[in-house]
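J.: A single structure is presented below for examination.
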Amino acid sequence: MNSNSKWVYVNNDDNTSRYLLGIEGSNPIVCFGINPSTAEPNDLDPTMRKVDSIASFNGYDSWIMLNVYPKRDTIFENLESVIKDEKHKKNISVIVDAISKYEEIDIWVAFGNHIYDREYLIVCLKDIYEKLSGIKVRWFATGVNKCGAPKHPLYQKKNSKLISFDMDSYINTLK
């Protein structure tokens with residue numbers, strides 16, 4: 001994205017949770033990961049650099065990174081074994097605030113196989129999906145893994161094409 005872009009960033013006081021990271025623009029794509037890592041404005045990690053590249057390749061001038069769960073950690077196994085309700089509620093609130101300002105929005109689901117590794121992550125995803133039901137959303141992915149989960153951006157090429165993703169069907173397959 002260009003150097004005149006304005007960053008948006010929402011985190012908690014001790015920066016252990018990140019709810020939103022993005023660049024404002026007139027044609028954004030929202031990207032959903034599983035949980036945030038170390039990226040911050042002007043200091044993107046490899047995953048966020050890939051999100052930036054793929055978004056640009058697909059014609060978007062900006063992006064908003066959201067996550068199914070907001071706990072920041074570079075090691076997935078460090079996520080809590082059970083949901084922390086206050087984190088989840090704050091995450092839902094930020095997601096709804098970020099997306100509800102658009103009449104319609106493109107959402108790229110990119111959380112990979114880890115969605116299946118904590119039972120509460122599926123609950124979180126279903127809650128997010130339900131809260132967005134009143135908004136016109138076009139769902140995309142860069143492909144799906146063998147288990148059916150949308151592919152994580154880190155392992156995709158910079159010129160990966162976003163393809164339509166049937167989120168309704170995917171949600172219905174989750175237990």
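For the structure tokens, the naming scheme is as follows: chains receive sequential letters (A, B, ...) according to their order of presentation, residues are indexed from 1 within each chain, and ligands are indexed from 1 in presentation order.
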Show which residues sit within 10 Å of Gly22 of chain A, as an mmCIF file with C-alpha atoms, in the first residue's frame. Count only C-alpha atoms, and ignore same-chain residues fewer than 4 positions away.
T.:
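Produced file result.cif, reproduced below:
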```cif
data_model
loop_
_atom_site.group_PDB
_atom_site.id
_atom_site.type_symbol
_atom_site.label_atom_id
_atom_site.label_comp_id
_atom_site.auth_asym_id
_atom_site.auth_seq_id
_atom_site.Cartn_x
_atom_site.Cartn_y
_atom_site.Cartn_z
ATOM 1 C CA SER A 5 -1.938 5.355 4.031
ATOM 2 C CA LYS A 6 -3.450 5.845 7.464
ATOM 3 C CA TRP A 7 -3.055 3.024 9.958
ATOM 4 C CA VAL A 8 -5.872 1.784 12.162
ATOM 5 C CA TYR A 9 -5.031 -0.228 15.263
ATOM 6 C CA VAL A 10 -7.074 -1.449 18.220
ATOM 7 C CA PRO A 28 -10.586 -2.381 1.545
ATOM 8 C CA ILE A 29 -10.728 -6.104 2.021
ATOM 9 C CA VAL A 30 -11.237 -7.554 5.487
ATOM 10 C CA CYS A 31 -9.022 -10.528 6.284
ATOM 11 C CA GLU A 40 1.790 -3.439 14.452
ATOM 12 C CA PRO A 41 1.485 -0.319 12.300
ATOM 13 C CA MET A 48 0.797 -9.298 7.346
ATOM 14 C CA ASP A 52 -0.752 -6.649 2.067
ATOM 15 C CA SER A 62 -6.280 -1.272 1.725
ATOM 16 C CA TRP A 63 -6.999 -4.045 4.217
ATOM 17 C CA ILE A 64 -8.320 -4.635 7.701
ATOM 18 C CA MET A 65 -6.945 -7.590 9.645
ATOM 19 C CA LEU A 66 -9.277 -9.151 12.182
#
```
J.: What are the nearest atom pairs, with distances in Å to one decimal, for all residues of segment 21-140 of chain A that come at most 7 Å from segment 154-174 of chain A, using only C-alpha atoms, set out by chain and rising residue number as a Markdown table?
T.:
```
| residue | atom | partner | partner_atom | distance |
| --- | --- | --- | --- | --- |
| A:Pro46 | CA | A:Leu154 | CA | 6.8 |
| A:Thr47 | CA | A:Leu154 | CA | 4.7 |
| A:Lys50 | CA | A:Leu154 | CA | 6.1 |
| A:Ser53 | CA | A:Lys158 | CA | 5.4 |
| A:Ile54 | CA | A:Lys158 | CA | 5.2 |
| A:Phe57 | CA | A:Asn159 | CA | 5.8 |
| A:Asn58 | CA | A:Lys161 | CA | 6.5 |
| A:Lys126 | CA | A:Ile171 | CA | 6.9 |
| A:Trp139 | CA | A:Phe165 | CA | 5.2 |
| A:Phe140 | CA | A:Ser164 | CA | 4.5 |
```
J.: Emit the selected residues as a PDB file, in the first residue's frame, including C-alpha atoms.
T.:
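That gives us result_32.pdb:
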```pdb
ATOM      1  CA  PRO A  46       5.629 -11.985   7.426  1.00  0.00           C
ATOM      2  CA  THR A  47       1.931 -12.915   7.487  1.00  0.00           C
ATOM      3  CA  LYS A  50       1.695 -11.350   2.603  1.00  0.00           C
ATOM      4  CA  SER A  53       0.703  -8.144  -1.131  1.00  0.00           C
ATOM      5  CA  ILE A  54      -2.247 -10.436  -1.874  1.00  0.00           C
ATOM      6  CA  PHE A  57      -2.572  -8.017  -6.246  1.00  0.00           C
ATOM      7  CA  ASN A  58      -6.344  -8.536  -6.123  1.00  0.00           C
ATOM      8  CA  LYS A 126     -19.924 -18.875  14.356  1.00  0.00           C
ATOM      9  CA  TRP A 139     -16.592 -14.218   1.075  1.00  0.00           C
ATOM     10  CA  PHE A 140     -13.212 -15.147  -0.428  1.00  0.00           C
TER      11      PHE A 140
END
```
J.: What is the atom CA of Tyr19 of chain A to atom CA of Gly33 of chain A distance in Å?
T.: 11.0 Å
J.: Just checking: using only C-alpha atoms, which residue out of A:Ile107, A:Leu20, A:Ile75, A:Leu121 ends up closest to His88 of chain A?
T.: A:Leu121
J.: Could you give me, as a list of chain:residue names, the residues within 12 Å of Asp85 of chain A, counting only C-alpha atoms and dropping anything in the same chain fewer than 2 positions from it?
T.: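 Here the answer would be A:Tyr69, A:Pro70, A:Lys71, A:Glu80, A:Val82, A:Ile83, A:Lys87, A:His88, A:Lys89, A:Lys90, A:Asn91, A:Ile92, A:Tyr120, A:Leu121, A:Val123, A:Cys124.
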J.: Can you write out the residues you just picked, keeping all heavy atoms, as a compact mmCIF listing (two decimals), in the first residue's frame?
T.:
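After the write, result.txt holds the following:
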```txt
# COMPACT_ATOMS: atom_id res chain seq x y z
N TYR A 69 -9.95 -14.95 17.22
CA TYR A 69 -9.69 -14.76 18.65
C TYR A 69 -8.54 -13.76 18.78
O TYR A 69 -7.57 -13.82 18.01
CB TYR A 69 -9.34 -16.10 19.30
CG TYR A 69 -9.42 -16.08 20.81
CD1 TYR A 69 -10.64 -15.97 21.45
CD2 TYR A 69 -8.27 -16.16 21.57
CE1 TYR A 69 -10.71 -15.96 22.84
CE2 TYR A 69 -8.33 -16.16 22.96
CZ TYR A 69 -9.55 -16.04 23.58
OH TYR A 69 -9.62 -16.03 24.97
N PRO A 70 -8.60 -12.82 19.73
CA PRO A 70 -7.65 -11.70 19.72
C PRO A 70 -6.34 -11.87 20.48
O PRO A 70 -5.51 -10.96 20.47
CB PRO A 70 -8.48 -10.58 20.37
CG PRO A 70 -9.33 -11.30 21.37
CD PRO A 70 -9.70 -12.59 20.67
N LYS A 71 -6.11 -13.01 21.15
CA LYS A 71 -4.87 -13.14 21.93
C LYS A 71 -3.66 -13.15 21.02
O LYS A 71 -3.56 -13.96 20.11
CB LYS A 71 -4.88 -14.42 22.77
CG LYS A 71 -3.63 -14.52 23.64
CD LYS A 71 -3.59 -15.84 24.41
CE LYS A 71 -2.45 -15.92 25.38
NZ LYS A 71 -1.12 -15.92 24.79
N GLU A 80 -5.15 -19.88 25.08
CA GLU A 80 -5.85 -20.50 26.20
C GLU A 80 -6.55 -21.78 25.75
O GLU A 80 -6.97 -21.89 24.60
CB GLU A 80 -6.92 -19.53 26.76
CG GLU A 80 -6.37 -18.28 27.37
CD GLU A 80 -6.33 -17.09 26.42
OE1 GLU A 80 -6.63 -17.25 25.23
OE2 GLU A 80 -5.97 -16.00 26.87
N VAL A 82 -9.37 -22.69 27.08
CA VAL A 82 -10.79 -22.33 27.11
C VAL A 82 -10.93 -20.84 26.80
O VAL A 82 -10.02 -20.05 27.06
CB VAL A 82 -11.47 -22.65 28.48
CG1 VAL A 82 -11.48 -24.16 28.73
CG2 VAL A 82 -10.81 -21.92 29.62
N ILE A 83 -12.06 -20.49 26.28
CA ILE A 83 -12.32 -19.11 25.86
C ILE A 83 -12.32 -18.16 27.07
O ILE A 83 -12.78 -18.51 28.15
CB ILE A 83 -13.65 -19.02 25.10
CG1 ILE A 83 -13.81 -17.67 24.41
CG2 ILE A 83 -14.82 -19.33 26.01
CD1 ILE A 83 -14.98 -17.63 23.44
N LYS A 87 -12.43 -11.28 26.36
CA LYS A 87 -11.68 -11.08 25.12
C LYS A 87 -12.59 -11.29 23.91
O LYS A 87 -12.54 -10.54 22.95
CB LYS A 87 -10.51 -12.07 25.03
CG LYS A 87 -9.35 -11.73 25.92
CD LYS A 87 -8.23 -12.73 25.70
CE LYS A 87 -7.12 -12.46 26.70
NZ LYS A 87 -6.01 -13.40 26.54
N HIS A 88 -13.38 -12.35 23.98
CA HIS A 88 -14.27 -12.66 22.86
C HIS A 88 -15.31 -11.55 22.66
O HIS A 88 -15.54 -11.11 21.53
CB HIS A 88 -14.95 -14.01 23.11
CG HIS A 88 -15.95 -14.40 22.06
ND1 HIS A 88 -15.63 -14.49 20.72
CD2 HIS A 88 -17.26 -14.72 22.16
CE1 HIS A 88 -16.70 -14.84 20.04
NE2 HIS A 88 -17.71 -14.99 20.88
N LYS A 89 -15.91 -11.07 23.74
CA LYS A 89 -16.92 -10.02 23.63
C LYS A 89 -16.33 -8.74 23.05
O LYS A 89 -16.94 -8.10 22.19
CB LYS A 89 -17.56 -9.75 24.99
CG LYS A 89 -18.50 -10.85 25.44
CD LYS A 89 -19.05 -10.58 26.82
CE LYS A 89 -19.91 -11.74 27.28
NZ LYS A 89 -20.34 -11.60 28.67
N LYS A 90 -15.16 -8.36 23.49
CA LYS A 90 -14.49 -7.17 22.96
C LYS A 90 -14.16 -7.37 21.48
O LYS A 90 -14.33 -6.47 20.65
CB LYS A 90 -13.22 -6.86 23.77
CG LYS A 90 -12.36 -5.76 23.21
CD LYS A 90 -12.95 -4.40 23.37
CE LYS A 90 -11.96 -3.34 22.91
NZ LYS A 90 -12.48 -2.00 22.96
N ASN A 91 -13.69 -8.56 21.13
CA ASN A 91 -13.36 -8.86 19.75
C ASN A 91 -14.59 -8.72 18.85
O ASN A 91 -14.54 -8.07 17.80
CB ASN A 91 -12.78 -10.28 19.64
CG ASN A 91 -12.07 -10.53 18.34
OD1 ASN A 91 -11.35 -9.67 17.83
ND2 ASN A 91 -12.25 -11.72 17.80
N ILE A 92 -15.70 -9.28 19.28
CA ILE A 92 -16.96 -9.18 18.52
C ILE A 92 -17.36 -7.72 18.35
O ILE A 92 -17.74 -7.28 17.26
CB ILE A 92 -18.09 -9.98 19.20
CG1 ILE A 92 -17.81 -11.48 19.15
CG2 ILE A 92 -19.45 -9.65 18.59
CD1 ILE A 92 -17.95 -12.12 17.80
N TYR A 120 -13.38 -23.71 21.21
CA TYR A 120 -13.98 -22.38 21.29
C TYR A 120 -13.75 -21.54 20.03
O TYR A 120 -14.50 -20.60 19.77
CB TYR A 120 -13.52 -21.62 22.54
CG TYR A 120 -12.07 -21.22 22.58
CD1 TYR A 120 -11.62 -20.05 21.98
CD2 TYR A 120 -11.13 -22.00 23.28
CE1 TYR A 120 -10.29 -19.67 22.05
CE2 TYR A 120 -9.81 -21.62 23.35
CZ TYR A 120 -9.38 -20.46 22.74
OH TYR A 120 -8.07 -20.09 22.81
N LEU A 121 -12.75 -21.86 19.22
CA LEU A 121 -12.51 -21.08 18.01
C LEU A 121 -13.66 -21.23 17.02
O LEU A 121 -14.04 -20.26 16.36
CB LEU A 121 -11.18 -21.47 17.37
CG LEU A 121 -9.95 -21.11 18.21
CD1 LEU A 121 -8.69 -21.68 17.57
CD2 LEU A 121 -9.84 -19.60 18.40
N VAL A 123 -16.74 -21.82 17.93
CA VAL A 123 -17.81 -21.02 18.55
C VAL A 123 -17.60 -19.54 18.22
O VAL A 123 -18.54 -18.84 17.84
CB VAL A 123 -17.84 -21.24 20.08
CG1 VAL A 123 -18.79 -20.26 20.76
CG2 VAL A 123 -18.21 -22.68 20.41
N CYS A 124 -16.37 -19.07 18.35
CA CYS A 124 -16.06 -17.66 18.04
C CYS A 124 -16.38 -17.35 16.58
O CYS A 124 -17.00 -16.31 16.29
CB CYS A 124 -14.60 -17.36 18.32
SG CYS A 124 -14.13 -17.40 20.06
```
J.: DSSP on the backbone: what in segment 13-162 of chain A comes out helix (DSSP H, G or I), as an MDAnalysis selection string?
T.: chainID A and resid 46:57 76:78 85:99 112:116 119:131 153:155
